[in-house]
Amino acid sequence: MELGRRDRILIVDNDETLATALAARLWSSGFEVEIQLDGLAALQAAGLRHPNLVILDLRLPDMSGFEVCKDLRRLFHPWDVPILMLTAVDQPLAQLKGFACGADAYLPKPCDSTELLKTVAILLGQLELA
């Protein structure tokens with residue numbers, strides 16, 4: 001899958017090791033990637049650099065991913081920036097709450113690399129649903 005290098009992805013995850021591994025995978029697929037380890041820093045980075053996609057964990061040290069998602073929806077024109085919740089919280093109610101807060105997609109960790117890249121490509125409009 002060949003994807004465009006112009007797309008900027010903001011990864012928001014408190015697990016630096018996991019975020020770095022994810023960033024390396026996305027970077028090798030042609031994306032510009034930034035990592036933020038807490039919600040407030042992520043919101044500031046998003047406001048300054050306007051990512052094309054946000055990959056968001058739910059468990060952050062300063063605020064929940066649900067709160068960050070809601071704030072991102074207020075920060076940008078609604079639905080301007082796709083949000084993918086990628087989290088170890090694999091519960092139906094959490095998934096429903098994620099969508100209610102404005103997430104476009106929700107994947108449980110650990111996630112297959114191919115599934116993740118396909119979801120990213122779909123959210124960025126680079127891959128049609130088959």
# chains A, B, ... in the order shown; residues from 1 in each chain; ligands from 1
call {"tool": "select_by_dssp", "arguments": {"residues": "chain A", "states": "strand (DSSP E)", "output": "PyMOL selection string"}}
result
chain A and resi 8-12+32-36+53-56+83-87+105-108
call {"tool": "write_last_selection", "arguments": {"atoms": "N, CA, C and O atoms", "output": "mmCIF file, in the first residue's frame"}}
result
data_model
loop_
_atom_site.group_PDB
_atom_site.id
_atom_site.type_symbol
_atom_site.label_atom_id
_atom_site.label_comp_id
_atom_site.auth_asym_id
_atom_site.auth_seq_id
_atom_site.Cartn_x
_atom_site.Cartn_y
_atom_site.Cartn_z
ATOM 1 N N ARG A 8 -0.071 14.127 7.737
ATOM 2 C CA ARG A 8 0.495 14.208 9.079
ATOM 3 C C ARG A 8 -0.422 13.486 10.057
ATOM 4 O O ARG A 8 -1.622 13.769 10.116
ATOM 5 N N ILE A 9 0.174 12.588 10.814
ATOM 6 C CA ILE A 9 -0.590 11.833 11.804
ATOM 7 C C ILE A 9 -0.071 12.176 13.192
ATOM 8 O O ILE A 9 1.137 12.141 13.443
ATOM 9 N N LEU A 10 -0.989 12.509 14.073
ATOM 10 C CA LEU A 10 -0.674 12.761 15.475
ATOM 11 C C LEU A 10 -1.066 11.528 16.268
ATOM 12 O O LEU A 10 -2.224 11.126 16.260
ATOM 13 N N ILE A 11 -0.085 10.918 16.929
ATOM 14 C CA ILE A 11 -0.324 9.774 17.807
ATOM 15 C C ILE A 11 -0.366 10.287 19.239
ATOM 16 O O ILE A 11 0.570 10.957 19.685
ATOM 17 N N VAL A 12 -1.444 9.963 19.945
ATOM 18 C CA VAL A 12 -1.596 10.377 21.335
ATOM 19 C C VAL A 12 -1.711 9.106 22.171
ATOM 20 O O VAL A 12 -2.729 8.413 22.134
ATOM 21 N N GLU A 32 4.094 11.509 7.761
ATOM 22 C CA GLU A 32 4.775 12.325 8.758
ATOM 23 C C GLU A 32 4.075 12.021 10.076
ATOM 24 O O GLU A 32 2.839 11.957 10.118
ATOM 25 N N VAL A 33 4.828 11.815 11.141
ATOM 26 C CA VAL A 33 4.235 11.382 12.405
ATOM 27 C C VAL A 33 4.765 12.231 13.557
ATOM 28 O O VAL A 33 5.945 12.556 13.615
ATOM 29 N N GLU A 34 3.861 12.581 14.457
ATOM 30 C CA GLU A 34 4.219 13.263 15.697
ATOM 31 C C GLU A 34 3.608 12.480 16.847
ATOM 32 O O GLU A 34 2.485 11.990 16.735
ATOM 33 N N ILE A 35 4.340 12.381 17.951
ATOM 34 C CA ILE A 35 3.856 11.681 19.142
ATOM 35 C C ILE A 35 3.669 12.692 20.269
ATOM 36 O O ILE A 35 4.538 13.534 20.515
ATOM 37 N N GLN A 36 2.544 12.572 20.958
ATOM 38 C CA GLN A 36 2.315 13.306 22.193
ATOM 39 C C GLN A 36 1.867 12.293 23.237
ATOM 40 O O GLN A 36 1.094 11.379 22.935
ATOM 41 N N LEU A 53 -4.832 13.339 10.583
ATOM 42 C CA LEU A 53 -5.452 12.229 11.304
ATOM 43 C C LEU A 53 -4.880 12.198 12.712
ATOM 44 O O LEU A 53 -3.700 12.475 12.913
ATOM 45 N N VAL A 54 -5.731 11.842 13.682
ATOM 46 C CA VAL A 54 -5.283 11.647 15.061
ATOM 47 C C VAL A 54 -5.545 10.191 15.439
ATOM 48 O O VAL A 54 -6.654 9.686 15.234
ATOM 49 N N ILE A 55 -4.514 9.529 15.968
ATOM 50 C CA ILE A 55 -4.662 8.196 16.543
ATOM 51 C C ILE A 55 -4.593 8.386 18.048
ATOM 52 O O ILE A 55 -3.582 8.862 18.578
ATOM 53 N N LEU A 56 -5.654 8.029 18.740
ATOM 54 C CA LEU A 56 -5.865 8.430 20.128
ATOM 55 C C LEU A 56 -6.113 7.241 21.040
ATOM 56 O O LEU A 56 -6.995 6.422 20.781
ATOM 57 N N ILE A 83 -10.509 10.893 13.540
ATOM 58 C CA ILE A 83 -9.949 10.410 14.800
ATOM 59 C C ILE A 83 -10.132 8.897 14.869
ATOM 60 O O ILE A 83 -11.253 8.395 14.765
ATOM 61 N N LEU A 84 -9.017 8.210 15.046
ATOM 62 C CA LEU A 84 -9.004 6.764 15.228
ATOM 63 C C LEU A 84 -8.652 6.481 16.678
ATOM 64 O O LEU A 84 -7.562 6.842 17.130
ATOM 65 N N MET A 85 -9.566 5.889 17.411
ATOM 66 C CA MET A 85 -9.252 5.467 18.768
ATOM 67 C C MET A 85 -8.599 4.092 18.682
ATOM 68 O O MET A 85 -9.193 3.154 18.157
ATOM 69 N N LEU A 86 -7.379 4.018 19.176
ATOM 70 C CA LEU A 86 -6.607 2.775 19.217
ATOM 71 C C LEU A 86 -6.261 2.553 20.679
ATOM 72 O O LEU A 86 -5.438 3.265 21.248
ATOM 73 N N THR A 87 -6.919 1.574 21.299
ATOM 74 C CA THR A 87 -6.833 1.458 22.745
ATOM 75 C C THR A 87 -6.950 0.017 23.216
ATOM 76 O O THR A 87 -7.530 -0.824 22.524
ATOM 77 N N ALA A 105 -13.326 5.892 13.968
ATOM 78 C CA ALA A 105 -13.025 4.461 13.969
ATOM 79 C C ALA A 105 -12.491 4.094 15.345
ATOM 80 O O ALA A 105 -11.978 4.947 16.077
ATOM 81 N N TYR A 106 -12.574 2.815 15.684
ATOM 82 C CA TYR A 106 -12.160 2.331 17.004
ATOM 83 C C TYR A 106 -11.543 0.954 16.800
ATOM 84 O O TYR A 106 -12.206 0.043 16.323
ATOM 85 N N LEU A 107 -10.274 0.818 17.125
ATOM 86 C CA LEU A 107 -9.588 -0.466 17.012
ATOM 87 C C LEU A 107 -8.989 -0.845 18.361
ATOM 88 O O LEU A 107 -8.412 -0.008 19.044
ATOM 89 N N PRO A 108 -9.116 -2.116 18.746
ATOM 90 C CA PRO A 108 -8.502 -2.565 20.002
ATOM 91 C C PRO A 108 -7.019 -2.876 19.818
ATOM 92 O O PRO A 108 -6.593 -3.291 18.746
#
call {"tool": "residues_around", "arguments": {"residues": "range 119-124 of chain A", "least_positions_apart": "2", "cutoff": "9 Å", "atoms": "only C-alpha atoms", "output": "VMD selection string"}}
result
chain A and resid 1 3 7 52 to 53 55 81 to 84 104 to 105 107 114 to 117 126 to 129
call {"tool": "atom_distance", "arguments": {"atom1": "CA of Phe99 in chain A", "atom2": "CA of Leu22 in chain A"}}
result
22.3 Å
call {"tool": "atom_distance", "arguments": {"atom1": "CA of Asn14 in chain A", "atom2": "CA of Asp71 in chain A"}}
result
17.8 Å
call {"tool": "closest_residue", "arguments": {"among": "A:Val68, A:Leu96, A:Arg25, A:Leu75", "to": "Leu40 in chain A", "atoms": "only C-alpha atoms"}}
result
A:Val68
call {"tool": "closest_residue", "arguments": {"among": "A:Leu37, A:Ala24, A:Leu72, A:Ala46", "to": "Ala103 in chain A", "atoms": "only C-alpha atoms"}}
result
A:Leu72
call {"tool": "select_by_dssp", "arguments": {"residues": "range 33-78 of chain A", "states": "helix (DSSP H, G or I)", "output": "list in words"}}
result
Gly39, Leu40, Ala41, Ala42, Leu43, Gln44, Ala45, Ala46, Gly47, Leu48, Arg49, Gly65, Phe66, Glu67, Val68, Cys69, Lys70, Asp71, Leu72, Arg73, Arg74 and Leu75 of chain A
call {"tool": "atom_distance", "arguments": {"atom1": "CA of Pro61 in chain A", "atom2": "CA of Leu48 in chain A"}}
result
21.4 Å
call {"tool": "closest_residue", "arguments": {"among": "A:Lys118, A:Ala88, A:Asp62, A:Pro51", "to": "Ser29 in chain A", "atoms": "only C-alpha atoms"}}
result
A:Lys118
call {"tool": "decode", "arguments": {"residues": "range 42-88 of chain A", "atoms": "N, CA and C atoms", "output": "PDB file, in the first residue's frame"}}
result
ATOM      1  N   ALA A  42      -1.266  17.071  23.314  1.00  0.00           N
ATOM      2  CA  ALA A  42      -1.836  16.668  22.028  1.00  0.00           C
ATOM      3  C   ALA A  42      -2.747  17.753  21.469  1.00  0.00           C
ATOM      4  N   LEU A  43      -3.580  18.335  22.312  1.00  0.00           N
ATOM      5  CA  LEU A  43      -4.475  19.397  21.858  1.00  0.00           C
ATOM      6  C   LEU A  43      -3.685  20.619  21.394  1.00  0.00           C
ATOM      7  N   GLN A  44      -2.629  20.962  22.112  1.00  0.00           N
ATOM      8  CA  GLN A  44      -1.788  22.084  21.702  1.00  0.00           C
ATOM      9  C   GLN A  44      -1.116  21.796  20.366  1.00  0.00           C
ATOM     10  N   ALA A  45      -0.567  20.584  20.215  1.00  0.00           N
ATOM     11  CA  ALA A  45       0.093  20.202  18.962  1.00  0.00           C
ATOM     12  C   ALA A  45      -0.899  20.203  17.807  1.00  0.00           C
ATOM     13  N   ALA A  46      -2.091  19.682  18.033  1.00  0.00           N
ATOM     14  CA  ALA A  46      -3.109  19.639  16.977  1.00  0.00           C
ATOM     15  C   ALA A  46      -3.496  21.049  16.546  1.00  0.00           C
ATOM     16  N   GLY A  47      -3.625  21.947  17.504  1.00  0.00           N
ATOM     17  CA  GLY A  47      -3.972  23.330  17.175  1.00  0.00           C
ATOM     18  C   GLY A  47      -2.890  24.039  16.385  1.00  0.00           C
ATOM     19  N   LEU A  48      -1.642  23.713  16.668  1.00  0.00           N
ATOM     20  CA  LEU A  48      -0.519  24.356  15.971  1.00  0.00           C
ATOM     21  C   LEU A  48      -0.244  23.764  14.599  1.00  0.00           C
ATOM     22  N   ARG A  49      -0.339  22.451  14.491  1.00  0.00           N
ATOM     23  CA  ARG A  49       0.120  21.784  13.261  1.00  0.00           C
ATOM     24  C   ARG A  49      -0.975  21.125  12.436  1.00  0.00           C
ATOM     25  N   HIS A  50      -2.200  21.170  12.895  1.00  0.00           N
ATOM     26  CA  HIS A  50      -3.360  20.653  12.168  1.00  0.00           C
ATOM     27  C   HIS A  50      -3.064  19.320  11.464  1.00  0.00           C
ATOM     28  N   PRO A  51      -3.065  18.226  12.200  1.00  0.00           N
ATOM     29  CA  PRO A  51      -2.795  16.914  11.584  1.00  0.00           C
ATOM     30  C   PRO A  51      -3.919  16.507  10.631  1.00  0.00           C
ATOM     31  N   ASN A  52      -3.613  15.585   9.748  1.00  0.00           N
ATOM     32  CA  ASN A  52      -4.619  15.037   8.845  1.00  0.00           C
ATOM     33  C   ASN A  52      -5.402  13.899   9.502  1.00  0.00           C
ATOM     34  N   LEU A  53      -4.832  13.339  10.583  1.00  0.00           N
ATOM     35  CA  LEU A  53      -5.452  12.229  11.304  1.00  0.00           C
ATOM     36  C   LEU A  53      -4.880  12.198  12.712  1.00  0.00           C
ATOM     37  N   VAL A  54      -5.731  11.842  13.682  1.00  0.00           N
ATOM     38  CA  VAL A  54      -5.283  11.647  15.061  1.00  0.00           C
ATOM     39  C   VAL A  54      -5.545  10.191  15.439  1.00  0.00           C
ATOM     40  N   ILE A  55      -4.514   9.529  15.968  1.00  0.00           N
ATOM     41  CA  ILE A  55      -4.662   8.196  16.543  1.00  0.00           C
ATOM     42  C   ILE A  55      -4.593   8.386  18.048  1.00  0.00           C
ATOM     43  N   LEU A  56      -5.654   8.029  18.740  1.00  0.00           N
ATOM     44  CA  LEU A  56      -5.865   8.430  20.128  1.00  0.00           C
ATOM     45  C   LEU A  56      -6.113   7.241  21.040  1.00  0.00           C
ATOM     46  N   ASP A  57      -5.332   7.169  22.120  1.00  0.00           N
ATOM     47  CA  ASP A  57      -5.563   6.175  23.165  1.00  0.00           C
ATOM     48  C   ASP A  57      -6.570   6.759  24.160  1.00  0.00           C
ATOM     49  N   LEU A  58      -7.231   5.903  24.917  1.00  0.00           N
ATOM     50  CA  LEU A  58      -8.184   6.378  25.915  1.00  0.00           C
ATOM     51  C   LEU A  58      -7.521   6.702  27.240  1.00  0.00           C
ATOM     52  N   ARG A  59      -6.494   5.954  27.590  1.00  0.00           N
ATOM     53  CA  ARG A  59      -5.859   6.106  28.896  1.00  0.00           C
ATOM     54  C   ARG A  59      -4.659   7.040  28.782  1.00  0.00           C
ATOM     55  N   LEU A  60      -4.872   8.273  29.215  1.00  0.00           N
ATOM     56  CA  LEU A  60      -3.824   9.286  29.196  1.00  0.00           C
ATOM     57  C   LEU A  60      -3.622   9.789  30.619  1.00  0.00           C
ATOM     58  N   PRO A  61      -2.437  10.318  30.934  1.00  0.00           N
ATOM     59  CA  PRO A  61      -2.164  10.687  32.320  1.00  0.00           C
ATOM     60  C   PRO A  61      -2.944  11.898  32.830  1.00  0.00           C
ATOM     61  N   ASP A  62      -3.332  12.815  31.953  1.00  0.00           N
ATOM     62  CA  ASP A  62      -3.937  14.054  32.417  1.00  0.00           C
ATOM     63  C   ASP A  62      -5.429  14.180  32.134  1.00  0.00           C
ATOM     64  N   MET A  63      -5.926  13.443  31.158  1.00  0.00           N
ATOM     65  CA  MET A  63      -7.341  13.481  30.821  1.00  0.00           C
ATOM     66  C   MET A  63      -7.671  12.242  30.011  1.00  0.00           C
ATOM     67  N   SER A  64      -8.940  11.923  29.899  1.00  0.00           N
ATOM     68  CA  SER A  64      -9.294  10.721  29.144  1.00  0.00           C
ATOM     69  C   SER A  64      -9.254  10.992  27.643  1.00  0.00           C
ATOM     70  N   GLY A  65      -9.073   9.944  26.879  1.00  0.00           N
ATOM     71  CA  GLY A  65      -9.129  10.066  25.431  1.00  0.00           C
ATOM     72  C   GLY A  65     -10.496  10.541  24.960  1.00  0.00           C
ATOM     73  N   PHE A  66     -11.537  10.219  25.708  1.00  0.00           N
ATOM     74  CA  PHE A  66     -12.871  10.705  25.365  1.00  0.00           C
ATOM     75  C   PHE A  66     -12.907  12.234  25.418  1.00  0.00           C
ATOM     76  N   GLU A  67     -12.305  12.800  26.474  1.00  0.00           N
ATOM     77  CA  GLU A  67     -12.255  14.258  26.602  1.00  0.00           C
ATOM     78  C   GLU A  67     -11.442  14.877  25.476  1.00  0.00           C
ATOM     79  N   VAL A  68     -10.315  14.262  25.161  1.00  0.00           N
ATOM     80  CA  VAL A  68      -9.467  14.771  24.075  1.00  0.00           C
ATOM     81  C   VAL A  68     -10.241  14.743  22.761  1.00  0.00           C
ATOM     82  N   CYS A  69     -10.963  13.668  22.519  1.00  0.00           N
ATOM     83  CA  CYS A  69     -11.748  13.535  21.297  1.00  0.00           C
ATOM     84  C   CYS A  69     -12.786  14.657  21.200  1.00  0.00           C
ATOM     85  N   LYS A  70     -13.509  14.890  22.281  1.00  0.00           N
ATOM     86  CA  LYS A  70     -14.505  15.972  22.285  1.00  0.00           C
ATOM     87  C   LYS A  70     -13.850  17.321  22.029  1.00  0.00           C
ATOM     88  N   ASP A  71     -12.696  17.562  22.678  1.00  0.00           N
ATOM     89  CA  ASP A  71     -11.994  18.833  22.495  1.00  0.00           C
ATOM     90  C   ASP A  71     -11.479  18.990  21.074  1.00  0.00           C
ATOM     91  N   LEU A  72     -11.018  17.902  20.466  1.00  0.00           N
ATOM     92  CA  LEU A  72     -10.582  17.966  19.066  1.00  0.00           C
ATOM     93  C   LEU A  72     -11.750  18.315  18.160  1.00  0.00           C
ATOM     94  N   ARG A  73     -12.915  17.781  18.447  1.00  0.00           N
ATOM     95  CA  ARG A  73     -14.102  18.086  17.635  1.00  0.00           C
ATOM     96  C   ARG A  73     -14.487  19.556  17.775  1.00  0.00           C
ATOM     97  N   ARG A  74     -14.254  20.138  18.953  1.00  0.00           N
ATOM     98  CA  ARG A  74     -14.532  21.561  19.139  1.00  0.00           C
ATOM     99  C   ARG A  74     -13.438  22.419  18.503  1.00  0.00           C
ATOM    100  N   LEU A  75     -12.209  21.936  18.502  1.00  0.00           N
ATOM    101  CA  LEU A  75     -11.066  22.682  17.980  1.00  0.00           C
ATOM    102  C   LEU A  75     -11.137  22.854  16.468  1.00  0.00           C
ATOM    103  N   PHE A  76     -11.534  21.817  15.785  1.00  0.00           N
ATOM    104  CA  PHE A  76     -11.588  21.835  14.328  1.00  0.00           C
ATOM    105  C   PHE A  76     -13.033  21.863  13.857  1.00  0.00           C
ATOM    106  N   HIS A  77     -13.219  22.324  12.638  1.00  0.00           N
ATOM    107  CA  HIS A  77     -14.538  22.241  12.033  1.00  0.00           C
ATOM    108  C   HIS A  77     -15.005  20.792  12.193  1.00  0.00           C
ATOM    109  N   PRO A  78     -16.210  20.573  12.647  1.00  0.00           N
ATOM    110  CA  PRO A  78     -16.635  19.187  12.881  1.00  0.00           C
ATOM    111  C   PRO A  78     -16.298  18.252  11.727  1.00  0.00           C
ATOM    112  N   TRP A  79     -15.658  17.175  12.103  1.00  0.00           N
ATOM    113  CA  TRP A  79     -15.303  16.089  11.199  1.00  0.00           C
ATOM    114  C   TRP A  79     -14.211  16.469  10.200  1.00  0.00           C
ATOM    115  N   ASP A  80     -13.512  17.578  10.447  1.00  0.00           N
ATOM    116  CA  ASP A  80     -12.422  17.998   9.568  1.00  0.00           C
ATOM    117  C   ASP A  80     -11.204  17.084   9.703  1.00  0.00           C
ATOM    118  N   VAL A  81     -10.946  16.605  10.913  1.00  0.00           N
ATOM    119  CA  VAL A  81      -9.797  15.737  11.181  1.00  0.00           C
ATOM    120  C   VAL A  81     -10.310  14.383  11.676  1.00  0.00           C
ATOM    121  N   PRO A  82     -10.064  13.313  10.936  1.00  0.00           N
ATOM    122  CA  PRO A  82     -10.511  11.999  11.394  1.00  0.00           C
ATOM    123  C   PRO A  82      -9.791  11.588  12.686  1.00  0.00           C
ATOM    124  N   ILE A  83     -10.509  10.893  13.540  1.00  0.00           N
ATOM    125  CA  ILE A  83      -9.949  10.410  14.800  1.00  0.00           C
ATOM    126  C   ILE A  83     -10.132   8.897  14.869  1.00  0.00           C
ATOM    127  N   LEU A  84      -9.017   8.210  15.046  1.00  0.00           N
ATOM    128  CA  LEU A  84      -9.004   6.764  15.228  1.00  0.00           C
ATOM    129  C   LEU A  84      -8.652   6.481  16.678  1.00  0.00           C
ATOM    130  N   MET A  85      -9.566   5.889  17.411  1.00  0.00           N
ATOM    131  CA  MET A  85      -9.252   5.467  18.768  1.00  0.00           C
ATOM    132  C   MET A  85      -8.599   4.092  18.682  1.00  0.00           C
ATOM    133  N   LEU A  86      -7.379   4.018  19.176  1.00  0.00           N
ATOM    134  CA  LEU A  86      -6.607   2.775  19.217  1.00  0.00           C
ATOM    135  C   LEU A  86      -6.261   2.553  20.679  1.00  0.00           C
ATOM    136  N   THR A  87      -6.919   1.574  21.299  1.00  0.00           N
ATOM    137  CA  THR A  87      -6.833   1.458  22.745  1.00  0.00           C
ATOM    138  C   THR A  87      -6.950   0.017  23.216  1.00  0.00           C
ATOM    139  N   ALA A  88      -6.402  -0.246  24.380  1.00  0.00           N
ATOM    140  CA  ALA A  88      -6.519  -1.567  24.994  1.00  0.00           C
ATOM    141  C   ALA A  88      -7.882  -1.772  25.636  1.00  0.00           C
TER     142      ALA A  88
END
